[in-house]
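Here's model.txt, which has compact mmCIF, C-alpha atoms and all ligand atoms:
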# COMPACT_ATOMS: atom_id res chain seq x y z
CA MET A 139 0.00 0.00 0.00
CA LYS A 140 1.27 3.50 -0.83
CA ALA A 141 0.44 6.79 0.92
CA ILE A 142 0.40 9.83 -1.35
CA ARG A 143 0.46 13.14 0.46
CA GLY A 144 -0.72 16.49 -0.70
CA ALA A 145 -1.93 19.88 0.47
CA THR A 146 -3.44 23.06 -0.82
CA THR A 147 -4.80 26.30 0.58
CA VAL A 148 -7.83 28.53 0.03
CA ASN A 149 -7.89 32.32 0.12
CA VAL A 150 -11.39 32.55 1.47
CA ASP A 151 -13.17 30.06 3.72
CA CYS A 152 -16.17 29.42 1.47
CA ALA A 153 -17.75 26.31 -0.02
CA GLU A 154 -17.01 27.25 -3.62
CA GLU A 155 -13.30 27.73 -3.10
CA ILE A 156 -12.95 24.64 -0.95
CA LYS A 157 -14.67 22.56 -3.64
CA GLU A 158 -12.43 24.00 -6.37
CA SER A 159 -9.24 23.49 -4.38
CA VAL A 160 -10.09 19.91 -3.39
CA LYS A 161 -10.95 19.08 -7.00
CA GLU A 162 -7.65 20.53 -8.22
CA LEU A 163 -5.62 18.78 -5.52
CA LEU A 164 -7.13 15.32 -6.07
CA GLY A 165 -6.99 15.77 -9.84
CA GLU A 166 -3.26 16.58 -9.69
CA ILE A 167 -2.56 13.66 -7.35
CA LYS A 168 -4.40 11.29 -9.69
CA ALA A 169 -2.66 12.60 -12.81
CA LEU A 170 0.87 12.80 -11.40
CA ASN A 171 0.62 9.35 -9.86
CA LYS A 172 -1.18 7.87 -12.88
CA LEU A 173 -3.78 6.54 -10.45
CA LYS A 174 -6.83 4.62 -11.57
CA ASN A 175 -10.00 4.99 -9.50
CA GLU A 176 -9.94 1.32 -8.52
CA GLU A 177 -6.41 1.73 -7.10
CA ILE A 178 -7.58 4.27 -4.52
CA ILE A 179 -8.24 2.60 -1.18
CA CYS A 180 -9.31 5.66 0.80
CA ILE A 181 -8.80 9.41 1.04
CA MET A 182 -8.15 11.18 4.34
CA PHE A 183 -8.32 14.93 4.83
CA SER A 184 -7.38 17.24 7.60
CA ASN A 185 -7.83 20.98 7.55
CA THR A 186 -6.62 23.84 9.69
CA ALA A 187 -9.12 25.09 12.27
CA ASP A 188 -9.80 28.29 10.28
CA ILE A 189 -11.69 26.29 7.63
CA LYS A 190 -15.23 26.06 8.93
CA SER A 191 -17.60 26.44 6.03
CA TYR A 192 -17.31 23.10 4.21
CA TYR A 193 -15.97 19.57 4.66
CA PRO A 194 -13.15 18.72 2.21
CA ALA A 195 -14.48 15.13 2.15
CA LYS A 196 -17.89 16.38 1.03
CA ALA A 197 -16.20 18.45 -1.65
CA ALA A 198 -14.31 15.35 -2.82
CA ARG A 199 -17.51 13.36 -3.10
CA GLU A 200 -19.14 16.12 -5.07
CA CYS A 201 -16.31 16.37 -7.56
CA GLY A 202 -16.44 12.75 -8.64
CA PHE A 203 -14.47 10.82 -6.03
CA SER A 204 -17.53 9.19 -4.50
CA PHE A 205 -16.14 5.69 -5.26
CA ALA A 206 -13.68 6.03 -2.34
CA PRO A 207 -14.28 6.02 1.42
CA PHE A 208 -13.33 9.35 3.03
CA TYR A 209 -12.27 10.60 6.38
CA SER A 210 -12.08 14.26 7.31
CA SER A 211 -10.85 15.95 10.47
CA ALA A 212 -9.98 19.40 11.76
CA GLU A 213 -6.53 20.13 13.16
CA PRO A 214 -6.09 21.96 16.46
CA GLU A 215 -5.35 25.66 16.27
CA ILE A 216 -1.59 26.04 16.38
CA ASP A 217 0.27 29.35 16.47
CA GLY A 218 2.28 29.95 13.31
CA SER A 219 0.69 27.13 11.31
CA LEU A 220 -0.21 27.72 7.69
CA LYS A 221 -3.54 29.49 7.17
CA LYS A 222 -6.59 27.88 5.54
CA CYS A 223 -4.77 24.73 4.58
CA ILE A 224 -6.27 21.42 3.47
CA ARG A 225 -4.05 18.36 3.75
CA VAL A 226 -4.77 15.02 2.19
CA MET A 227 -3.44 11.48 2.30
CA VAL A 228 -4.53 9.17 -0.50
CA LEU A 229 -3.94 5.48 0.21
CA SER A 230 -3.55 3.40 -2.93
CA ASP A 231 -2.41 -0.03 -4.00
CA SER A 232 -0.64 1.25 -7.09
CA ASP A 233 2.91 -0.06 -7.64
CA ASN A 234 4.32 3.35 -8.62
CA PRO A 235 6.42 5.29 -6.09
CA PRO A 236 4.15 7.91 -4.47
CA LYS A 237 4.51 11.45 -5.78
CA PRO A 238 3.29 14.12 -3.39
CA VAL A 239 1.48 17.24 -4.61
CA TYR A 240 1.65 20.59 -2.83
CA LEU A 241 -0.29 23.41 -4.42
CA LYS A 242 -0.80 27.13 -3.89
CA GLY A 243 0.33 28.43 -0.49
CA ALA A 244 0.86 24.87 0.76
CA ALA A 245 3.92 24.62 -1.47
CA VAL A 246 5.91 26.22 1.36
CA LEU A 247 5.39 23.01 3.32
CA ARG A 248 7.50 21.17 0.76
CA ARG A 249 10.06 23.55 -0.67
CA ASP A 250 12.02 20.53 -1.83
CA LEU A 251 9.21 19.80 -4.30
CA THR A 252 8.55 23.27 -5.54
CA GLU A 253 11.90 25.05 -5.63
CA LEU A 254 14.51 24.42 -8.26
CA PHE A 255 17.55 22.98 -6.51
CA ASN A 256 20.63 20.88 -7.21
CA ILE A 257 22.33 18.21 -5.17
CA ALA A 258 26.03 17.54 -5.72
CA LEU A 259 27.19 14.06 -4.79
CA ASP A 260 30.90 13.52 -5.30
CA GLY A 261 33.19 10.71 -4.33
CA PRO A 262 35.73 8.16 -5.48
CA ALA A 263 35.07 5.13 -7.69
CA GLY A 264 32.74 2.52 -6.26
CA SER A 265 31.57 4.61 -3.31
CA GLY A 266 27.94 3.89 -4.26
CA LYS A 267 27.19 7.30 -5.75
CA SER A 268 25.02 6.03 -8.58
CA THR A 269 22.94 3.65 -6.43
CA ILE A 270 22.36 6.37 -3.85
CA SER A 271 21.69 9.08 -6.44
CA LYS A 272 19.07 6.97 -8.21
CA LEU A 273 17.20 6.39 -4.96
CA ILE A 274 17.41 10.02 -3.86
CA ALA A 275 16.16 11.14 -7.29
CA GLU A 276 13.25 8.72 -7.05
CA LYS A 277 12.33 9.81 -3.51
CA LEU A 278 12.49 13.52 -4.34
CA ASN A 279 11.04 13.10 -7.81
CA ILE A 280 13.98 14.89 -9.42
CA LEU A 281 16.38 14.07 -12.23
CA TYR A 282 19.55 12.04 -11.76
CA LEU A 283 22.52 12.92 -13.94
CA ASP A 284 25.38 10.43 -13.95
CA THR A 285 28.27 12.63 -15.10
CA GLY A 286 30.76 9.74 -15.06
CA ALA A 287 28.74 8.19 -17.91
CA MET A 288 29.57 11.22 -20.05
CA TYR A 289 33.35 10.81 -19.54
CA ARG A 290 32.91 7.10 -20.20
CA ALA A 291 31.15 7.87 -23.49
CA CYS A 292 34.04 10.13 -24.45
CA ALA A 293 36.51 7.34 -23.72
CA LEU A 294 34.43 4.91 -25.77
CA LYS A 295 34.47 7.29 -28.71
CA CYS A 296 38.29 7.44 -28.54
CA LEU A 297 38.44 3.65 -28.39
CA GLN A 298 36.13 3.30 -31.39
CA ASN A 299 38.38 5.67 -33.37
CA ASN A 300 41.65 4.09 -32.27
CA ILE A 301 42.72 7.29 -30.59
CA SER A 302 44.92 7.28 -27.52
CA VAL A 303 43.23 8.95 -24.54
CA ASN A 304 46.62 10.58 -23.82
CA ASP A 305 46.80 12.28 -27.20
CA GLU A 306 45.21 15.62 -26.33
CA LYS A 307 45.26 16.98 -29.89
CA ALA A 308 43.50 13.94 -31.33
CA VAL A 309 41.04 13.81 -28.43
CA ASN A 310 40.30 17.49 -28.96
CA ARG A 311 39.33 16.77 -32.58
CA ILE A 312 37.02 13.98 -31.40
CA VAL A 313 35.48 16.13 -28.68
CA SER A 314 34.79 19.06 -31.03
CA ASN A 315 32.61 16.81 -33.18
CA LEU A 316 31.20 14.68 -30.39
CA ILE A 317 27.47 14.13 -30.53
CA LEU A 318 26.81 13.20 -26.94
CA THR A 319 23.28 13.36 -25.59
CA VAL A 320 21.80 12.33 -22.32
CA LYS A 321 18.11 11.55 -22.12
CA HIS A 322 15.94 10.09 -19.42
CA GLU A 323 13.32 7.40 -19.93
CA ASN A 324 11.23 6.50 -16.87
CA GLY A 325 13.95 7.96 -14.65
CA VAL A 326 16.69 5.89 -16.30
CA GLN A 327 19.56 7.74 -17.97
CA LYS A 328 20.34 6.80 -21.56
CA THR A 329 23.74 8.01 -22.69
CA CYS A 330 23.86 8.26 -26.48
CA LEU A 331 26.91 8.61 -28.74
CA ASP A 332 26.17 9.71 -32.29
CA GLY A 333 22.53 8.89 -31.66
CA LYS A 334 23.25 5.33 -30.45
CA ASP A 335 22.46 4.25 -26.90
CA VAL A 336 25.80 3.21 -25.34
CA SER A 337 24.61 3.05 -21.72
CA GLU A 338 25.62 -0.60 -21.34
CA GLU A 339 28.80 -0.52 -23.41
CA ILE A 340 30.34 2.24 -21.31
CA ARG A 341 30.04 0.10 -18.17
CA LYS A 342 32.66 -2.37 -19.35
CA PRO A 343 35.51 -2.43 -16.80
CA GLU A 344 38.14 -1.51 -19.45
CA ILE A 345 36.34 1.79 -20.07
CA SER A 346 36.76 2.90 -16.43
CA MET A 347 40.48 3.62 -16.59
CA LEU A 348 40.23 5.18 -20.06
CA ALA A 349 37.46 7.47 -18.78
CA SER A 350 39.62 8.53 -15.87
CA THR A 351 42.54 9.36 -18.17
CA VAL A 352 40.48 11.21 -20.76
CA SER A 353 38.66 13.16 -18.05
CA ALA A 354 41.93 14.84 -17.06
CA LEU A 355 42.05 16.71 -20.38
CA GLY A 356 40.92 20.33 -20.38
CA CYS A 357 39.10 20.10 -23.73
CA VAL A 358 37.03 17.16 -22.49
CA ARG A 359 36.15 18.75 -19.16
CA THR A 360 35.11 22.05 -20.75
CA LYS A 361 32.66 20.31 -23.04
CA MET A 362 31.23 17.97 -20.39
CA VAL A 363 30.86 20.66 -17.75
CA GLU A 364 29.00 22.88 -20.23
CA ILE A 365 26.44 20.11 -20.91
CA GLN A 366 26.10 19.35 -17.18
CA ARG A 367 25.53 22.98 -16.20
CA ASP A 368 23.02 23.37 -18.97
CA ILE A 369 20.94 20.46 -17.67
CA ALA A 370 21.20 21.55 -14.02
CA LYS A 371 20.21 25.14 -14.80
CA ASN A 372 16.60 24.31 -15.64
CA THR A 373 15.88 21.21 -13.62
CA SER A 374 16.02 20.10 -10.02
CA CYS A 375 18.54 17.29 -10.11
CA ILE A 376 21.17 15.27 -8.35
CA LEU A 377 24.51 15.07 -10.15
CA ASP A 378 27.10 12.53 -9.16
CA GLY A 379 30.75 12.82 -10.10
CA ARG A 380 34.12 13.99 -8.88
CA ASP A 381 33.99 17.78 -9.21
CA ILE A 382 30.30 18.67 -8.98
CA GLY A 383 30.46 20.46 -5.63
CA THR A 384 33.84 22.08 -6.29
CA ASN A 385 33.59 23.04 -9.94
CA VAL A 386 30.45 22.19 -11.93
CA LEU A 387 27.89 23.53 -9.44
CA PRO A 388 29.78 25.37 -6.70
CA ASP A 389 26.46 26.97 -5.65
CA ALA A 390 24.53 23.70 -5.36
CA LYS A 391 22.19 23.93 -2.40
CA TYR A 392 23.12 20.50 -1.06
CA LYS A 393 26.56 18.94 -1.29
CA PHE A 394 27.72 15.54 -0.17
CA PHE A 395 30.99 13.66 -0.45
CA LEU A 396 30.48 9.93 -0.31
CA THR A 397 33.39 7.65 0.39
CA ALA A 398 34.28 4.21 1.78
CA SER A 399 37.50 2.30 2.27
CA PRO A 400 39.15 1.13 -0.98
CA GLU A 401 38.58 -2.50 0.05
CA VAL A 402 34.84 -2.00 0.58
CA ARG A 403 34.52 -0.09 -2.69
CA ALA A 404 36.45 -2.73 -4.61
CA ARG A 405 34.30 -5.49 -3.15
CA ARG A 406 31.11 -3.66 -4.13
CA ARG A 407 32.44 -2.96 -7.64
CA ALA A 408 33.51 -6.58 -8.11
CA GLU A 409 30.03 -7.78 -7.10
CA GLU A 410 28.44 -5.25 -9.45
CA ASN A 411 30.72 -6.44 -12.29
CA THR A 412 29.75 -10.06 -11.65
CA GLN A 413 26.06 -9.13 -11.82
CA LYS A 414 26.69 -7.47 -15.17
CA GLY A 415 28.49 -10.54 -16.44
CA PHE A 416 32.07 -9.18 -16.22
CA ASN A 417 34.14 -11.49 -14.10
CA THR A 418 37.04 -9.44 -12.78
CA PRO A 419 38.97 -10.78 -9.77
CA TYR A 420 38.70 -8.74 -6.58
CA GLU A 421 42.46 -7.98 -6.46
CA GLU A 422 42.33 -6.56 -9.97
CA VAL A 423 39.34 -4.37 -9.10
CA LEU A 424 41.06 -3.15 -5.93
CA ALA A 425 44.22 -2.21 -7.85
CA ASP A 426 42.08 -0.40 -10.45
CA VAL A 427 40.12 1.48 -7.78
CA ILE A 428 43.30 2.66 -6.05
CA LYS A 429 44.98 3.68 -9.31
CA ARG A 430 41.88 5.50 -10.52
CA ASP A 431 41.44 7.37 -7.22
CA ARG A 432 45.03 8.54 -7.40
CA GLN A 433 44.70 9.62 -11.01
CA ASP A 434 41.35 11.41 -10.42
CA ALA A 435 42.58 13.11 -7.24
CA THR A 436 45.94 14.31 -8.56
CA ARG A 437 44.99 15.65 -12.00
CA LYS A 438 45.51 19.37 -12.54
CA ILE A 439 41.99 20.35 -13.59
CA ALA A 440 39.06 19.90 -11.21
CA PRO A 441 40.48 16.95 -9.28
CA LEU A 442 38.41 14.65 -7.10
CA ARG A 443 38.06 16.62 -3.89
CA GLN A 444 35.53 17.22 -1.14
CA ALA A 445 34.07 20.73 -1.37
CA ALA A 446 34.63 22.73 1.82
CA ASP A 447 30.86 22.95 2.35
CA ALA A 448 30.05 19.33 1.49
CA VAL A 449 28.86 16.84 4.11
CA LEU A 450 31.22 13.88 4.35
CA ILE A 451 29.67 10.41 4.47
CA ASP A 452 31.80 7.33 5.02
CA SER A 453 29.57 4.47 3.93
CA SER A 454 32.06 1.67 4.75
CA SER A 455 29.75 0.25 7.37
CA MET A 456 26.43 1.77 6.28
CA THR A 457 23.67 0.13 4.26
CA VAL A 458 22.30 1.80 1.14
CA ASN A 459 19.10 2.75 2.99
CA GLU A 460 21.07 4.28 5.85
CA VAL A 461 22.99 6.51 3.44
CA VAL A 462 19.78 7.52 1.63
CA ASP A 463 18.03 8.36 4.90
CA PHE A 464 21.05 10.31 6.13
CA ILE A 465 21.08 12.45 2.97
CA LEU A 466 17.30 12.98 3.00
CA ASN A 467 17.45 14.05 6.66
CA LYS A 468 20.27 16.52 5.94
CA ILE A 469 18.22 17.97 3.08
CA GLN A 470 15.13 18.28 5.29
CA GLU A 471 17.21 20.07 7.95
CA LYS A 472 18.24 22.70 5.43
CA ILE A 473 14.78 23.31 3.94
O1 LIG B 1 31.80 7.66 -11.76
P1 LIG B 1 32.47 6.84 -12.92
O2 LIG B 1 33.26 5.65 -12.44
O3 LIG B 1 31.46 6.43 -13.95
O4 LIG B 1 33.49 7.86 -13.64
C1 LIG B 1 34.41 7.48 -14.66
C2 LIG B 1 35.57 8.47 -14.68
O5 LIG B 1 35.12 9.73 -15.14
C3 LIG B 1 36.21 8.74 -13.33
O6 LIG B 1 37.29 7.86 -13.05
C4 LIG B 1 36.68 10.16 -13.41
C5 LIG B 1 35.79 10.78 -14.47
N1 LIG B 1 34.82 11.73 -13.91
C6 LIG B 1 35.24 13.02 -13.71
O7 LIG B 1 36.41 13.33 -13.93
N2 LIG B 1 34.38 13.96 -13.29
C7 LIG B 1 33.09 13.64 -13.03
N3 LIG B 1 32.25 14.60 -12.63
C8 LIG B 1 32.65 12.32 -13.19
C9 LIG B 1 33.54 11.36 -13.62
Would you encode the structure as structure tokens?
Amino acid sequence: MKAIRGATTVNVDCAEEIKESVKELLGEIKALNKLKNEEIICIMFSNTADIKSYYPAKAARECGFSFAPFYSSAEPEIDGSLKKCIRVMVLSDSDNPPKPVYLKGAAVLRRDLTELFNIALDGPAGSGKSTISKLIAEKLNILYLDTGAMYRACALKCLQNNISVNDEKAVNRIVSNLILTVKHENGVQKTCLDGKDVSEEIRKPEISMLASTVSALGCVRTKMVEIQRDIAKNTSCILDGRDIGTNVLPDAKYKFFLTASPEVRARRRAEENTQKGFNTPYEEVLADVIKRDRQDATRKIAPLRQAADAVLIDSSSMTVNEVVDFILNKIQEKI
């Protein structure tokens, strides 16, 4: 069972406005959550004590939601609480993750949903950035941009053209004509090179080191950072990478630096590789992780580094859910 939350406000405590606002709120919840009537188990309302002229539940029945059981209650009068606010909780048995809806003045209750904001999540290889970012993006209903995938695509392009990732001149020629696009389908990033989806190909272990080397080149970084900033400018999103908090989005509202011991990261990466069908021995993965960290952290341009204002998370002995909850709590604290 899923609980979908929402709220709205009215300017004037009158039946007409309450009916309109309830209709709009439930309509938005249904549309955003792609809810079918038969998936709605029940709808519960509460309203601030300054709403006296009409029951939100009655309004819901009158605007076509009579198929569901309702419950409606008034909240106690609390100093400083929002004025003329109607809150709702829709219980459903839909499989989709619940997407809350906060309209009109009630939007201030959930600034995370209504304000444009960016989250920077940096860290070394295998620290779990992509797993965590995907979950955070899903919970907050925002976009996830995997910036490492872009450097990987660049490396793949060099490989396809038999160009050494150390040959800056040749790489520059490739980068100037690179057709690299990132699109999102059902929350999943598709990284496309010359119009072809290469999302799986770029995950091959041999691409990792090439991506690290090519990412040290100024011409590559300039192009990638431009695309990343362009995406982040218009969309609330979480970007994971090495230099997001320090260089790409130095003004990001929320910054985290996720790390774990090299051994833990190598073990996680090796397991991930096995799941994807690449059987790389643990020792080899560990050596690669250490070498890549050193290379990423010591390059001249935008090296892997924790931003001064980023929150450090060592996930060596934390579960995925613990890291996600920690980040969500930190975000809530700042809202
Ligand atoms: O996160 P990843 O393993 O997919 O990244 C591959 C390489 O890309 C990484 O070793 C360094 C580089 N990279 C970078 O320099 N800056 C970023 N923001 C993201 C990745």
Close residues to ligand LIG 1 (chain B) using all atoms listed in the file, limit 8 Å, as a PyMOL selection string = chain A and resi 260+262-264+267-268+284-290+341+346-354+359+378-382+386+430-431+433-434+440-442
Please report, as CSV, each residue of range 332-447 of chain A lying at most 9 Å from range 305-309 of chain A, together with the nearest pair of atoms and the separation in Å rounded to one decimal; use all atoms listed in the file, and order rows by chain and ascending residue number.
residue,atom,partner,partner_atom,distance
A:Val352,CA,A:Val309,CA,8.1
A:Leu355,CA,A:Glu306,CA,6.8
A:Gly356,CA,A:Glu306,CA,8.7
A:Cys357,CA,A:Glu306,CA,8.0
A:Val358,CA,A:Val309,CA,7.9
Students should find that CA of Asp250 in chain A and CA of Gln470 in chain A are spaced 8.1 Å
Compile a residue-level contact table for range 228-347 of chain A against range 444-466 of chain A at a cut-off of 8 Å, reporting for every qualifying residue the shortest atom pair and its distance in Å to one decimal, with only C-alpha atoms counted, rows ordered by chain and ascending number, as CSV.
residue,atom,partner,partner_atom,distance
A:Asp260,CA,A:Gln444,CA,7.2
A:Gly261,CA,A:Gln444,CA,7.6
A:Ser265,CA,A:Ser453,CA,7.5
A:Thr269,CA,A:Val458,CA,7.8
A:Ile270,CA,A:Val462,CA,6.2
A:Leu273,CA,A:Val462,CA,7.2
A:Ile274,CA,A:Val462,CA,6.5
Restricting the output to C-alpha atoms, write the selected residues as a CSV table (one decimal), keeping the file's coordinate frame.
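The resulting file, part08.csv, is shown below:
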chain,number,residue,atom,x,y,z
A,260,ASP,CA,30.9,13.5,-5.3
A,261,GLY,CA,33.2,10.7,-4.3
A,265,SER,CA,31.6,4.6,-3.3
A,269,THR,CA,22.9,3.6,-6.4
A,270,ILE,CA,22.4,6.4,-3.8
A,273,LEU,CA,17.2,6.4,-5.0
A,274,ILE,CA,17.4,10.0,-3.9
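Between CA of Asn175 in chain A and CA of Phe205 in chain A there is a distance of 7.5 Å.
A straight line drawn from CA of Glu338 in chain A to CA of Leu281 in chain A is 19.6 Å long.
The smallest atom-to-atom distance between Ile167 in chain A and any of A:Leu294, A:Val313, A:Ile428, A:Leu229, using all atoms listed in the file, is found for A:Leu229.
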Ala398 in chain A proximity check over A:Ile179, A:Met139, A:Val427, A:Leu377, using only C-alpha atoms: winner is A:Val427
From the list A:Glu158, A:Asp231, A:Glu364, A:Asp188, the nearest residue to Lys172 in chain A using all atoms listed in the file is A:Asp231
Taking every listed atom of range 341-355 of chain A and adding 5 Å to each side, what centre and edge lengths in Å (one decimal) does the axis-aligned box have, as lines of an AutoDock Vina configuration file?
center_x = 36.3
center_y = 7.1
center_z = -18.3
size_x = 22.5
size_y = 29.1
size_z = 14.9
Item to complete: Just give me the residues with any atom within 6 Å of (-8.0, 24.7, 1.0), file coordinates, counting all atoms listed in the file, written as a PyMOL selection string.
Response: chain A and resi 146-148+156+159+222-224
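For the point (42.2, -9.2, -4.0), the residues with an atom at a distance of at most 10 Å are A:Glu401, A:Ala404, A:Arg405, A:Ala408, A:Pro419, A:Tyr420, A:Glu421, A:Glu422, A:Val423, A:Leu424, A:Ala425, counting all atoms listed in the file.
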List the spatial neighbours of range 235-242 of chain A as a short mmCIF file (atom, residue, chain, number, x, y, z; two decimals) with C-alpha atoms, in the frame of the given file - criterion: any atom at most 8 Å away, all atoms listed in the file, same-chain residues fewer than 5 positions off excluded.
data_model
loop_
_atom_site.label_atom_id
_atom_site.label_comp_id
_atom_site.auth_asym_id
_atom_site.auth_seq_id
_atom_site.Cartn_x
_atom_site.Cartn_y
_atom_site.Cartn_z
CA LYS A 140 1.27 3.50 -0.83
CA ALA A 141 0.44 6.79 0.92
CA ILE A 142 0.40 9.83 -1.35
CA ARG A 143 0.46 13.14 0.46
CA GLY A 144 -0.72 16.49 -0.70
CA ALA A 145 -1.93 19.88 0.47
CA THR A 146 -3.44 23.06 -0.82
CA THR A 147 -4.80 26.30 0.58
CA LEU A 163 -5.62 18.78 -5.52
CA GLU A 166 -3.26 16.58 -9.69
CA ILE A 167 -2.56 13.66 -7.35
CA LEU A 170 0.87 12.80 -11.40
CA ASN A 171 0.62 9.35 -9.86
CA LEU A 247 5.39 23.01 3.32
CA ARG A 248 7.50 21.17 0.76
CA LEU A 251 9.21 19.80 -4.30
CA THR A 252 8.55 23.27 -5.54
CA GLU A 276 13.25 8.72 -7.05
CA LYS A 277 12.33 9.81 -3.51
CA ASN A 279 11.04 13.10 -7.81
#
Judged by only C-alpha atoms, the minimum distance to Phe395 in chain A among A:Leu259, A:Ala244, A:Ala275, A:Cys296 is found for A:Leu259
Your completed range 440-452 of chain A with N, CA and C atoms, as a PDB file, in the coordinates of the input:
ATOM      1  N   ALA A 440      40.222  20.400 -11.976  1.00  0.00           N
ATOM      2  CA  ALA A 440      39.060  19.900 -11.210  1.00  0.00           C
ATOM      3  C   ALA A 440      39.255  18.497 -10.655  1.00  0.00           C
ATOM      4  N   PRO A 441      40.261  18.303  -9.810  1.00  0.00           N
ATOM      5  CA  PRO A 441      40.480  16.950  -9.280  1.00  0.00           C
ATOM      6  C   PRO A 441      39.374  16.512  -8.322  1.00  0.00           C
ATOM      7  N   LEU A 442      39.346  15.216  -8.083  1.00  0.00           N
ATOM      8  CA  LEU A 442      38.410  14.650  -7.100  1.00  0.00           C
ATOM      9  C   LEU A 442      38.748  15.235  -5.738  1.00  0.00           C
ATOM     10  N   ARG A 443      37.807  15.954  -5.163  1.00  0.00           N
ATOM     11  CA  ARG A 443      38.060  16.620  -3.890  1.00  0.00           C
ATOM     12  C   ARG A 443      36.740  16.918  -3.191  1.00  0.00           C
ATOM     13  N   GLN A 444      36.753  16.869  -1.883  1.00  0.00           N
ATOM     14  CA  GLN A 444      35.530  17.220  -1.140  1.00  0.00           C
ATOM     15  C   GLN A 444      35.419  18.751  -1.093  1.00  0.00           C
ATOM     16  N   ALA A 445      34.270  19.278  -1.470  1.00  0.00           N
ATOM     17  CA  ALA A 445      34.070  20.730  -1.370  1.00  0.00           C
ATOM     18  C   ALA A 445      34.058  21.103   0.111  1.00  0.00           C
ATOM     19  N   ALA A 446      34.533  22.308   0.415  1.00  0.00           N
ATOM     20  CA  ALA A 446      34.630  22.730   1.820  1.00  0.00           C
ATOM     21  C   ALA A 446      33.265  22.665   2.508  1.00  0.00           C
ATOM     22  N   ASP A 447      32.195  22.936   1.740  1.00  0.00           N
ATOM     23  CA  ASP A 447      30.860  22.950   2.350  1.00  0.00           C
ATOM     24  C   ASP A 447      30.060  21.665   2.093  1.00  0.00           C
ATOM     25  N   ALA A 448      30.765  20.598   1.720  1.00  0.00           N
ATOM     26  CA  ALA A 448      30.050  19.330   1.490  1.00  0.00           C
ATOM     27  C   ALA A 448      30.031  18.503   2.778  1.00  0.00           C
ATOM     28  N   VAL A 449      28.963  17.734   2.941  1.00  0.00           N
ATOM     29  CA  VAL A 449      28.860  16.840   4.110  1.00  0.00           C
ATOM     30  C   VAL A 449      29.548  15.533   3.761  1.00  0.00           C
ATOM     31  N   LEU A 450      30.472  15.116   4.596  1.00  0.00           N
ATOM     32  CA  LEU A 450      31.220  13.880   4.350  1.00  0.00           C
ATOM     33  C   LEU A 450      30.446  12.667   4.873  1.00  0.00           C
ATOM     34  N   ILE A 451      30.332  11.643   4.029  1.00  0.00           N
ATOM     35  CA  ILE A 451      29.670  10.410   4.470  1.00  0.00           C
ATOM     36  C   ILE A 451      30.611   9.244   4.188  1.00  0.00           C
ATOM     37  N   ASP A 452      30.997   8.542   5.227  1.00  0.00           N
ATOM     38  CA  ASP A 452      31.800   7.330   5.020  1.00  0.00           C
ATOM     39  C   ASP A 452      30.837   6.150   5.114  1.00  0.00           C
TER      40      ASP A 452
END
